[in-house]
>>> print(open('data.csv').read())   # CSV, C-alpha atoms (C1' of nucleotides)
chain,number,residue,atom,x,y,z
A,1,MET,CA,106.2,155.9,113.1
A,2,THR,CA,107.6,153.7,110.5
A,3,ALA,CA,105.8,151.5,107.9
A,4,ASP,CA,104.0,148.6,109.5
A,5,PRO,CA,105.2,145.3,108.0
A,6,HIS,CA,101.9,143.8,109.0
A,7,PRO,CA,99.2,146.3,108.0
A,8,THR,CA,96.0,146.0,109.9
A,9,ALA,CA,93.3,144.0,108.2
A,10,GLY,CA,90.4,145.6,106.6
A,11,SER,CA,86.9,144.2,107.0
A,12,ALA,CA,87.6,140.8,105.5
A,13,SER,CA,91.2,139.7,105.4
A,14,HIS,CA,91.9,136.7,107.5
A,15,HIS,CA,91.2,133.7,105.2
A,16,GLY,CA,88.6,135.9,103.7
A,17,HIS,CA,86.3,135.4,106.6
A,18,ASP,CA,83.7,137.9,107.6
A,19,HIS,CA,85.7,139.9,110.0
A,20,ALA,CA,82.9,142.4,110.8
A,21,HIS,CA,81.1,139.4,112.3
A,22,CYS,CA,84.2,138.6,114.4
A,23,ILE,CA,84.1,142.1,115.8
A,24,ALA,CA,80.4,142.2,116.4
A,25,ASP,CA,80.5,138.8,118.1
A,26,ALA,CA,83.4,139.8,120.3
A,27,LEU,CA,81.6,142.9,121.4
A,28,MET,CA,78.4,141.0,122.1
A,29,ARG,CA,80.2,138.5,124.2
A,30,ALA,CA,82.0,141.2,126.0
A,31,ASP,CA,78.7,143.0,126.8
A,32,ALA,CA,77.2,139.7,128.1
A,33,LEU,CA,80.3,138.8,130.2
A,34,CYS,CA,80.5,142.2,131.8
A,35,ALA,CA,76.8,142.4,132.5
A,36,GLU,CA,77.0,139.0,134.1
A,37,ARG,CA,79.9,140.1,136.3
A,38,GLY,CA,78.7,143.6,137.1
A,39,ALA,CA,81.8,145.0,135.4
A,40,ARG,CA,81.4,148.3,133.5
A,41,LEU,CA,82.2,148.0,129.9
A,42,THR,CA,82.2,151.8,129.3
A,43,ALA,CA,82.1,153.4,125.9
A,44,LEU,CA,85.9,154.0,126.0
A,45,ARG,CA,86.7,150.4,126.9
A,46,ARG,CA,84.3,149.1,124.3
A,47,GLN,CA,85.9,151.3,121.8
A,48,VAL,CA,89.4,150.0,122.7
A,49,LEU,CA,88.2,146.4,122.5
A,50,GLU,CA,86.8,147.1,119.1
A,51,LEU,CA,90.1,148.5,118.0
A,52,VAL,CA,92.0,145.5,119.3
A,53,TRP,CA,89.6,143.3,117.3
A,54,ASN,CA,90.3,145.3,114.2
A,55,SER,CA,92.4,142.4,113.0
A,56,HIS,CA,93.8,139.1,114.1
A,57,LYS,CA,97.2,140.7,114.6
A,58,PRO,CA,98.5,141.7,118.0
A,59,ARG,CA,98.5,145.5,118.1
A,60,GLY,CA,100.7,147.7,120.2
A,61,ALA,CA,99.2,150.1,122.7
A,62,TYR,CA,100.4,153.1,120.8
A,63,ALA,CA,98.9,151.8,117.6
A,64,ILE,CA,95.5,151.5,119.3
A,65,LEU,CA,96.2,155.0,120.8
A,66,GLU,CA,96.6,156.4,117.3
A,67,ASP,CA,93.4,154.8,116.1
A,68,LEU,CA,91.5,156.0,119.1
A,69,SER,CA,92.8,159.6,118.7
A,70,GLN,CA,91.8,159.5,115.1
A,71,ARG,CA,88.3,158.3,115.8
A,72,GLU,CA,87.8,160.8,118.6
A,73,GLY,CA,89.3,163.6,116.5
A,74,LYS,CA,91.5,164.6,119.4
A,75,ALA,CA,94.8,163.5,121.0
A,76,THR,CA,94.4,160.9,123.6
A,77,ALA,CA,96.9,160.1,126.4
A,78,PRO,CA,98.7,156.8,126.5
A,79,LEU,CA,97.3,156.2,129.9
A,80,THR,CA,93.8,156.2,128.6
A,81,VAL,CA,94.5,153.2,126.4
A,82,TYR,CA,96.6,151.4,129.0
A,83,ARG,CA,93.8,151.7,131.6
A,84,ALA,CA,91.3,150.3,129.1
A,85,LEU,CA,93.6,147.5,128.1
A,86,GLU,CA,94.3,146.7,131.8
A,87,PHE,CA,90.5,146.3,132.4
A,88,LEU,CA,90.1,144.2,129.3
A,89,VAL,CA,93.0,141.9,130.1
A,90,GLU,CA,91.8,141.6,133.7
A,91,HIS,CA,88.5,140.4,132.5
A,92,GLY,CA,90.0,138.0,130.0
A,93,LEU,CA,88.6,139.9,127.0
A,94,VAL,CA,92.1,140.7,125.6
A,95,HIS,CA,95.4,138.9,125.9
A,96,ARG,CA,98.8,140.5,126.0
A,97,ILE,CA,101.5,139.0,123.7
A,98,GLU,CA,104.6,139.4,125.8
A,99,SER,CA,107.0,138.7,123.1
A,100,LEU,CA,105.6,141.5,121.0
A,101,ASN,CA,104.5,144.0,123.7
A,102,ALA,CA,101.1,143.9,122.0
A,103,TYR,CA,97.5,143.0,122.6
A,104,ILE,CA,95.0,140.8,120.9
A,105,GLY,CA,91.3,139.9,121.4
A,106,CYS,CA,90.6,136.7,123.3
A,107,ALA,CA,89.0,134.0,121.2
A,108,ALA,CA,87.1,132.5,124.1
A,109,PRO,CA,86.4,135.0,126.8
A,110,GLY,CA,84.8,133.5,129.9
A,111,ALA,CA,86.2,130.1,129.3
A,112,VAL,CA,89.1,128.8,131.4
A,113,HIS,CA,92.2,128.8,129.4
A,114,SER,CA,95.8,129.7,129.6
A,115,GLY,CA,96.7,131.9,126.7
A,116,GLN,CA,98.7,130.0,124.1
A,117,PHE,CA,99.5,131.5,120.8
A,118,LEU,CA,100.9,130.6,117.4
A,119,VAL,CA,102.4,133.9,116.1
A,120,CYS,CA,103.3,134.1,112.5
A,121,GLU,CA,106.5,136.2,112.0
A,122,THR,CA,105.6,136.8,108.3
A,123,CYS,CA,102.0,138.1,108.3
A,124,GLY,CA,101.8,139.0,111.9
A,125,ASN,CA,98.6,137.0,112.6
A,126,ALA,CA,98.3,135.3,115.9
A,127,VAL,CA,96.1,132.3,116.5
A,128,GLU,CA,95.0,131.5,120.0
A,129,ILE,CA,95.1,127.9,120.9
A,130,ASP,CA,94.4,126.2,124.1
A,131,ASP,CA,95.9,122.8,124.0
A,132,PRO,CA,95.2,120.6,127.0
A,133,ARG,CA,98.4,118.6,126.3
A,134,ILE,CA,100.5,121.7,126.7
A,135,ARG,CA,98.5,122.8,129.7
A,136,ALA,CA,98.9,119.4,131.2
A,137,ALA,CA,102.6,119.2,130.5
A,138,ILE,CA,103.1,122.6,132.1
A,139,GLY,CA,101.1,121.5,135.1
A,140,THR,CA,103.1,118.3,135.5
A,141,ILE,CA,106.5,119.8,135.3
A,142,ALA,CA,105.5,122.6,137.6
A,143,ALA,CA,104.3,120.1,140.1
A,144,GLU,CA,107.5,118.2,139.8
A,145,HIS,CA,109.4,121.4,140.7
A,146,GLY,CA,106.9,122.2,143.5
A,147,PHE,CA,106.2,125.3,141.6
A,148,GLN,CA,102.8,126.9,142.0
A,149,VAL,CA,101.6,128.3,138.6
A,150,SER,CA,99.7,131.6,138.4
A,151,ARG,CA,100.1,132.5,134.8
A,152,PRO,CA,101.5,130.3,132.1
A,153,THR,CA,102.6,132.0,128.9
A,154,VAL,CA,103.1,130.1,125.7
A,155,GLU,CA,104.0,132.1,122.5
A,156,VAL,CA,105.2,130.1,119.6
A,157,ARG,CA,106.9,132.1,116.9
A,158,GLY,CA,107.0,130.7,113.4
A,159,THR,CA,105.3,130.7,110.0
A,160,CYS,CA,101.7,130.0,109.4
A,161,THR,CA,100.3,127.8,106.7
A,162,ASP,CA,99.4,130.6,104.3
A,163,CYS,CA,102.8,132.2,104.5
A,164,GLN,CA,104.5,128.9,104.0
A,165,GLU,CA,102.6,128.5,100.8
A,166,LYS,CA,103.4,132.0,99.6
A,167,THR,CA,107.1,131.6,100.0
A,168,PRO,CA,108.1,128.0,99.4
B,1,MET,CA,115.7,154.1,139.8
B,2,THR,CA,113.5,152.6,142.5
B,3,ALA,CA,114.4,149.8,145.0
B,4,ASP,CA,114.7,146.4,143.4
B,5,PRO,CA,112.2,144.0,144.8
B,6,HIS,CA,114.5,141.2,143.9
B,7,PRO,CA,118.0,142.3,144.9
B,8,THR,CA,120.8,140.6,143.0
B,9,ALA,CA,122.4,137.7,144.7
B,10,GLY,CA,125.7,137.9,146.3
B,11,SER,CA,128.2,135.1,145.8
B,12,ALA,CA,126.1,132.4,147.4
B,13,SER,CA,122.4,133.0,147.7
B,14,HIS,CA,120.4,130.6,145.6
B,15,HIS,CA,119.8,127.6,147.9
B,16,GLY,CA,123.1,128.5,149.4
B,17,HIS,CA,124.9,127.0,146.4
B,18,ASP,CA,128.4,128.1,145.3
B,19,HIS,CA,127.4,130.7,142.9
B,20,ALA,CA,130.9,131.7,142.1
B,21,HIS,CA,131.3,128.2,140.6
B,22,CYS,CA,128.1,128.8,138.5
B,23,ILE,CA,129.7,131.9,137.0
B,24,ALA,CA,133.1,130.4,136.4
B,25,ASP,CA,131.5,127.3,134.9
B,26,ALA,CA,129.3,129.4,132.6
B,27,LEU,CA,132.2,131.5,131.4
B,28,MET,CA,134.3,128.4,130.8
B,29,ARG,CA,131.5,126.8,128.7
B,30,ALA,CA,131.1,130.0,126.8
B,31,ASP,CA,134.8,130.2,126.0
B,32,ALA,CA,134.7,126.6,124.8
B,33,LEU,CA,131.6,127.1,122.7
B,34,CYS,CA,132.8,130.2,121.1
B,35,ALA,CA,136.2,128.8,120.4
B,36,GLU,CA,134.5,125.8,118.8
B,37,ARG,CA,132.4,128.0,116.6
B,38,GLY,CA,135.0,130.6,115.8
B,39,ALA,CA,132.8,133.3,117.5
B,40,ARG,CA,134.6,136.1,119.2
B,41,LEU,CA,133.8,136.2,122.9
B,42,THR,CA,135.4,139.6,123.4
B,43,ALA,CA,136.3,141.1,126.8
B,44,LEU,CA,133.2,143.2,126.7
B,45,ARG,CA,130.9,140.3,125.8
B,46,ARG,CA,132.5,138.1,128.4
B,47,GLN,CA,132.0,140.8,131.0
B,48,VAL,CA,128.3,141.2,130.1
B,49,LEU,CA,127.9,137.4,130.3
B,50,GLU,CA,129.4,137.5,133.7
B,51,LEU,CA,127.1,140.2,134.8
B,52,VAL,CA,124.1,138.3,133.5
B,53,TRP,CA,125.2,135.3,135.5
B,54,ASN,CA,125.5,137.5,138.6
B,55,SER,CA,122.4,135.8,139.9
B,56,HIS,CA,119.7,133.4,138.9
B,57,LYS,CA,117.3,136.3,138.4
B,58,PRO,CA,116.5,137.7,135.0
B,59,ARG,CA,118.2,141.1,134.7
B,60,GLY,CA,117.2,144.1,132.7
B,61,ALA,CA,119.5,145.5,130.1
B,62,TYR,CA,119.8,148.8,132.0
B,63,ALA,CA,120.6,147.0,135.2
B,64,ILE,CA,123.5,145.3,133.5
B,65,LEU,CA,124.4,148.6,132.0
B,66,GLU,CA,124.7,150.1,135.4
B,67,ASP,CA,126.9,147.3,136.7
B,68,LEU,CA,129.1,147.6,133.6
B,69,SER,CA,129.4,151.3,134.0
B,70,GLN,CA,130.4,150.9,137.6
B,71,ARG,CA,133.0,148.2,136.8
B,72,GLU,CA,134.5,150.3,134.0
B,73,GLY,CA,134.4,153.4,136.1
B,74,LYS,CA,132.8,155.3,133.2
B,75,ALA,CA,129.4,155.7,131.7
B,76,THR,CA,128.6,153.1,129.1
B,77,ALA,CA,126.0,153.5,126.4
B,78,PRO,CA,122.9,151.3,126.3
B,79,LEU,CA,123.8,150.1,122.8
B,80,THR,CA,127.0,148.6,124.1
B,81,VAL,CA,125.0,146.3,126.4
B,82,TYR,CA,122.4,145.5,123.8
B,83,ARG,CA,124.9,144.6,121.2
B,84,ALA,CA,126.7,142.3,123.6
B,85,LEU,CA,123.3,140.7,124.7
B,86,GLU,CA,122.4,140.2,121.1
B,87,PHE,CA,125.6,138.3,120.5
B,88,LEU,CA,125.0,136.2,123.6
B,89,VAL,CA,121.4,135.4,122.8
B,90,GLU,CA,122.3,134.5,119.2
B,91,HIS,CA,124.9,132.0,120.4
B,92,GLY,CA,122.5,130.6,123.0
B,93,LEU,CA,124.5,131.7,126.0
B,94,VAL,CA,121.8,133.9,127.3
B,95,HIS,CA,118.0,133.8,127.1
B,96,ARG,CA,115.6,136.7,127.0
B,97,ILE,CA,112.6,136.5,129.2
B,98,GLU,CA,110.0,138.1,127.1
B,99,SER,CA,107.5,138.7,129.9
B,100,LEU,CA,110.1,140.6,131.9
B,101,ASN,CA,112.1,142.3,129.2
B,102,ALA,CA,115.1,140.7,131.0
B,103,TYR,CA,118.0,138.4,130.3
B,104,ILE,CA,119.2,135.3,132.1
B,105,GLY,CA,122.2,133.0,131.6
B,106,CYS,CA,121.4,129.8,129.7
B,107,ALA,CA,121.7,126.7,131.8
B,108,ALA,CA,122.7,124.4,128.9
B,109,PRO,CA,124.4,126.4,126.2
B,110,GLY,CA,125.2,124.3,123.1
B,111,ALA,CA,122.4,121.8,123.8
B,112,VAL,CA,119.3,121.8,121.7
B,113,HIS,CA,116.5,123.2,123.8
B,114,SER,CA,113.6,125.6,123.5
B,115,GLY,CA,113.8,128.0,126.4
B,116,GLN,CA,111.2,127.2,129.0
B,117,PHE,CA,111.2,128.9,132.3
B,118,LEU,CA,109.6,128.8,135.7
B,119,VAL,CA,109.6,132.4,136.9
B,120,CYS,CA,108.9,133.1,140.6
B,121,GLU,CA,106.9,136.3,141.0
B,122,THR,CA,108.0,136.6,144.6
B,123,CYS,CA,111.8,136.1,144.7
B,124,GLY,CA,112.4,136.8,141.0
B,125,ASN,CA,114.4,133.7,140.4
B,126,ALA,CA,113.9,131.9,137.1
B,127,VAL,CA,114.6,128.3,136.6
B,128,GLU,CA,115.2,127.0,133.1
B,129,ILE,CA,113.5,123.8,132.3
B,130,ASP,CA,113.4,121.8,129.1
B,131,ASP,CA,110.6,119.5,129.3
B,132,PRO,CA,110.3,117.1,126.3
B,133,ARG,CA,106.5,116.8,127.0
B,134,ILE,CA,106.0,120.5,126.5
B,135,ARG,CA,108.2,120.5,123.5
B,136,ALA,CA,106.4,117.6,122.0
B,137,ALA,CA,103.0,119.0,122.8
B,138,ILE,CA,103.9,122.3,121.1
B,139,GLY,CA,105.3,120.4,118.1
B,140,THR,CA,102.2,118.4,117.8
B,141,ILE,CA,99.7,121.2,117.9
B,142,ALA,CA,101.8,123.3,115.6
B,143,ALA,CA,101.8,120.4,113.1
B,144,GLU,CA,98.1,120.1,113.4
B,145,HIS,CA,97.8,123.8,112.4
B,146,GLY,CA,100.3,123.4,109.7
B,147,PHE,CA,102.4,125.9,111.6
B,148,GLN,CA,106.2,125.9,111.2
B,149,VAL,CA,107.8,126.6,114.5
B,150,SER,CA,110.9,128.8,114.7
B,151,ARG,CA,111.0,129.9,118.3
B,152,PRO,CA,108.8,128.5,121.0
B,153,THR,CA,108.5,130.6,124.2
B,154,VAL,CA,107.3,129.2,127.5
B,155,GLU,CA,107.4,131.4,130.5
B,156,VAL,CA,105.4,130.1,133.5
B,157,ARG,CA,104.8,132.7,136.2
B,158,GLY,CA,104.1,131.6,139.7
B,159,THR,CA,105.6,130.9,143.1
B,160,CYS,CA,108.6,128.7,143.7
B,161,THR,CA,108.9,126.1,146.5
B,162,ASP,CA,111.0,128.3,148.7
B,163,CYS,CA,108.6,131.3,148.5
B,164,GLN,CA,105.6,129.1,149.2
B,165,GLU,CA,107.2,127.9,152.4
B,166,LYS,CA,108.0,131.4,153.5
B,167,THR,CA,104.5,132.7,153.0
B,168,PRO,CA,102.0,129.9,153.8
C,1,DT,C1',155.3,146.5,105.2
C,2,DC,C1',151.4,148.7,103.8
C,3,DC,C1',146.7,148.6,102.6
C,4,DG,C1',141.9,147.3,102.5
C,5,DG,C1',138.1,145.3,104.6
C,6,DC,C1',135.3,143.9,108.2
C,7,DG,C1',133.7,143.2,112.6
C,8,DA,C1',133.6,145.4,117.2
C,9,DT,C1',133.0,149.4,119.8
C,10,DG,C1',132.0,154.5,120.8
C,11,DT,C1',128.8,158.6,120.7
C,12,DA,C1',124.5,161.0,120.2
C,13,DA,C1',119.9,161.2,119.4
C,14,DT,C1',115.5,159.4,119.5
C,15,DA,C1',111.7,156.0,119.2
C,16,DA,C1',108.6,152.9,121.6
C,17,DG,C1',106.4,151.2,125.6
C,18,DA,C1',104.7,152.0,130.3
C,19,DT,C1',103.6,154.3,134.7
C,20,DA,C1',103.3,157.9,138.6
C,21,DA,C1',100.9,161.7,140.7
C,22,DC,C1',97.2,164.6,140.9
C,23,DG,C1',92.6,166.1,140.2
C,24,DC,C1',87.9,166.5,138.2
C,25,DC,C1',83.5,164.5,137.2
C,26,DA,C1',79.7,161.1,136.7
C,27,DT,C1',77.3,157.5,138.8
C,28,DG,C1',74.9,155.1,142.2
C,29,DA,C1',74.0,154.0,147.3
C,30,DC,C1',72.1,155.9,151.2
D,1,DG,C1',71.1,165.9,148.6
D,2,DT,C1',75.4,164.0,150.1
D,3,DC,C1',79.0,161.3,149.8
D,4,DA,C1',82.0,157.5,148.2
D,5,DT,C1',83.7,155.2,144.4
D,6,DG,C1',85.4,154.4,140.1
D,7,DG,C1',86.4,156.2,135.6
D,8,DC,C1',88.8,159.4,133.0
D,9,DG,C1',91.8,163.7,131.8
D,10,DT,C1',96.4,166.0,132.1
D,11,DT,C1',101.2,166.2,132.8
D,12,DA,C1',105.4,164.5,133.6
D,13,DT,C1',108.5,161.0,133.8
D,14,DC,C1',110.5,156.5,133.6
D,15,DT,C1',112.1,152.2,131.3
D,16,DT,C1',113.4,149.7,127.3
D,17,DA,C1',115.2,149.6,122.7
D,18,DT,C1',116.9,151.3,118.2
D,19,DT,C1',118.8,154.3,114.4
D,20,DA,C1',122.5,156.7,112.3
D,21,DC,C1',127.1,157.6,112.0
D,22,DA,C1',132.1,157.7,113.4
D,23,DT,C1',136.2,155.2,114.9
D,24,DC,C1',139.2,151.6,116.2
D,25,DG,C1',141.8,147.4,115.6
D,26,DC,C1',142.7,143.0,113.9
D,27,DC,C1',143.7,140.1,110.0
D,28,DG,C1',144.7,138.7,105.3
D,29,DG,C1',146.5,139.7,100.7
D,30,DA,C1',149.4,142.5,97.7
>>> encode(input="data.csv", output="structure tokens")
Amino acid sequence: MTADPHPTAGSASHHGHDHAHCIADALMRADALCAERGARLTALRRQVLELVWNSHKPRGAYAILEDLSQREGKATAPLTVYRALEFLVEHGLVHRIESLNAYIGCAAPGAVHSGQFLVCETCGNAVEIDDPRIRAAIGTIAAEHGFQVSRPTVEVRGTCTDCQEKTP
Amino acid sequence: MTADPHPTAGSASHHGHDHAHCIADALMRADALCAERGARLTALRRQVLELVWNSHKPRGAYAILEDLSQREGKATAPLTVYRALEFLVEHGLVHRIESLNAYIGCAAPGAVHSGQFLVCETCGNAVEIDDPRIRAAIGTIAAEHGFQVSRPTVEVRGTCTDCQEKTP
DNA sequence: TCCGGCGATGTAATAAGATAACGCCATGAC
DNA sequence: GTCATGGCGTTATCTTATTACATCGCCGGA
């Protein structure tokens, strides 16, 4: 374990917003969504979801694993976390950022969307976008190729506004 | 090592085209590009490039490693392959498919493009596209967010025409 | 020619990410 | 109560990627 270049946010780091509210909100929506679907948001899964929402930075499975182990006070197996993440991803509560092998809370669970992200290489924050133009453009070109889309992935690496200002 | 669901193509598998020509062409362009830039396309790097071009399916680093070891008649270290891949990616001769942890030859080395792919989940083939609409849409939304793009990644998973026909 | 430097490669060890195989236990339907 | 199902624990293992350090070979300048 080496030093994390993008330390996890505390309770209020992203633009100084009330992140505790983010978390609470995400958990509430997850509860509602799972209840509606008859999916079981168990204590473990809820815990993992909360840990994913700990910041707006994508987090690796093993980072979450460490957090979980610490909270539980005992070592947890990787599989435990992966299974919970699998459930959360399946139900659209969490997205996987392919280019980082990491996971991030979904900003709009329940809504139809395709998972598009602006990932800042400096601070590590990832903002979920869902631009209809991108979606449309992908749909169009796929159609032109006779390609049937199942899962579009858009991950734009770059520098966010804040980080541009800090290093001009 | 388990059975590969997407076995590597022989000399003529993708739409029955002359794949040997694909390879030869790719190597020629690589030679030209590197010469032009003063980059050293060493025997090893050229070999790895050739192995990447062995098919139109993204290939994992360790798959390439195996091929290389076999060709050389002696075990090769992972690092050897990773270093060669790094060089090839840097010079735009090869793209990395993030969602597969795999590598594929670039269809248009030298040209400005952003790396967009249609990846078939059935046959494993990946087609590189470079749709200006997608590029434009990403540029627009990034600008709206004040986000400075360094590396856009678009990987569309789905089913290609051929595979749709085979399993209707 | 010899030397120095630098980029490329070799070797070994290990980190990081993910899954397979097996079994127990809690929950809920009947 | 019984049974089926799904969730979770345990262990082992696999795949992917990197760190650290040594060596080689080419090329330019003295």
>>> axis_aligned_box(input="data.csv", around="stretch 18-22 of chain D", padding_each_side="5 Å", output="JSON")
{"center_x": 124.5, "center_y": 154.5, "center_z": 115.1, "size_x": 25.2, "size_y": 16.4, "size_z": 16.2}
>>> interface_residues(input="data.csv", of="chain C", to="chain A", cutoff="10 Å", atoms="only C-alpha atoms (C1' of nucleotides)", output="number ranges by chain")
C: 15-19
>>> closest_residue(input="data.csv", among="B:Ala137, B:Glu86, B:Asp162, B:Trp53", to="chain D", atoms="all atoms listed in the file")
B:Glu86
>>> atom_distance(input="data.csv", atom1="atom CA of B:Glu155", atom2="atom CA of B:Thr122")
15.0 Å
>>> atom_distance(input="data.csv", atom1="atom CA of B:Gly105", atom2="atom CA of B:Gly139")
25.0 Å
>>> interface_residues(input="data.csv", of="chain A", to="chain D", cutoff="9 Å", atoms="only C-alpha atoms (C1' of nucleotides)", output="PyMOL selection string")
chain A and resi 42+77+80
>>> interface_residues(input="data.csv", of="chain A", to="chain B", cutoff="10 Å", atoms="all atoms listed in the file", output="NGL selection string")
:A and (96-101 or 116-121 or 127 or 129-143 or 145-164)
>>> closest_residue(input="data.csv", among="B:Ala108, B:Ala126, B:Val89, B:Tyr103", to="B:Asp25", atoms="all atoms listed in the file")
B:Ala108
>>> residues_around(input="data.csv", residues="B:Ile104", least_positions_apart="6", cutoff="8 Å", atoms="all atoms listed in the file", output="mmCIF file with C-alpha atoms, keeping the file's coordinate frame")
data_model
loop_
_atom_site.group_PDB
_atom_site.id
_atom_site.type_symbol
_atom_site.label_atom_id
_atom_site.label_comp_id
_atom_site.auth_asym_id
_atom_site.auth_seq_id
_atom_site.Cartn_x
_atom_site.Cartn_y
_atom_site.Cartn_z
ATOM 1 C CA VAL B 52 124.100 138.300 133.500
ATOM 2 C CA TRP B 53 125.200 135.300 135.500
ATOM 3 C CA HIS B 56 119.700 133.400 138.900
ATOM 4 C CA LYS B 57 117.300 136.300 138.400
ATOM 5 C CA PRO B 58 116.500 137.700 135.000
ATOM 6 C CA ARG B 59 118.200 141.100 134.700
ATOM 7 C CA VAL B 94 121.800 133.900 127.300
ATOM 8 C CA HIS B 95 118.000 133.800 127.100
ATOM 9 C CA ARG B 96 115.600 136.700 127.000
ATOM 10 C CA ILE B 97 112.600 136.500 129.200
#
>>> atom_distance(input="data.csv", atom1="atom CA of B:His91", atom2="atom C1' of C:DA12")
29.0 Å
>>> residues_near_point(input="data.csv", point="(85.8, 142.9, 112.8)", cutoff="8 Å", atoms="only C-alpha atoms (C1' of nucleotides)", output="compact mmCIF listing (two decimals) with C-alpha atoms, keeping the file's coordinate frame")
# COMPACT_ATOMS: atom_id res chain seq x y z
CA SER A 11 86.90 144.20 107.00
CA ALA A 12 87.60 140.80 105.50
CA ASP A 18 83.70 137.90 107.60
CA HIS A 19 85.70 139.90 110.00
CA ALA A 20 82.90 142.40 110.80
CA HIS A 21 81.10 139.40 112.30
CA CYS A 22 84.20 138.60 114.40
CA ILE A 23 84.10 142.10 115.80
CA ALA A 24 80.40 142.20 116.40
CA GLU A 50 86.80 147.10 119.10
CA TRP A 53 89.60 143.30 117.30
CA ASN A 54 90.30 145.30 114.20
CA SER A 55 92.40 142.40 113.00
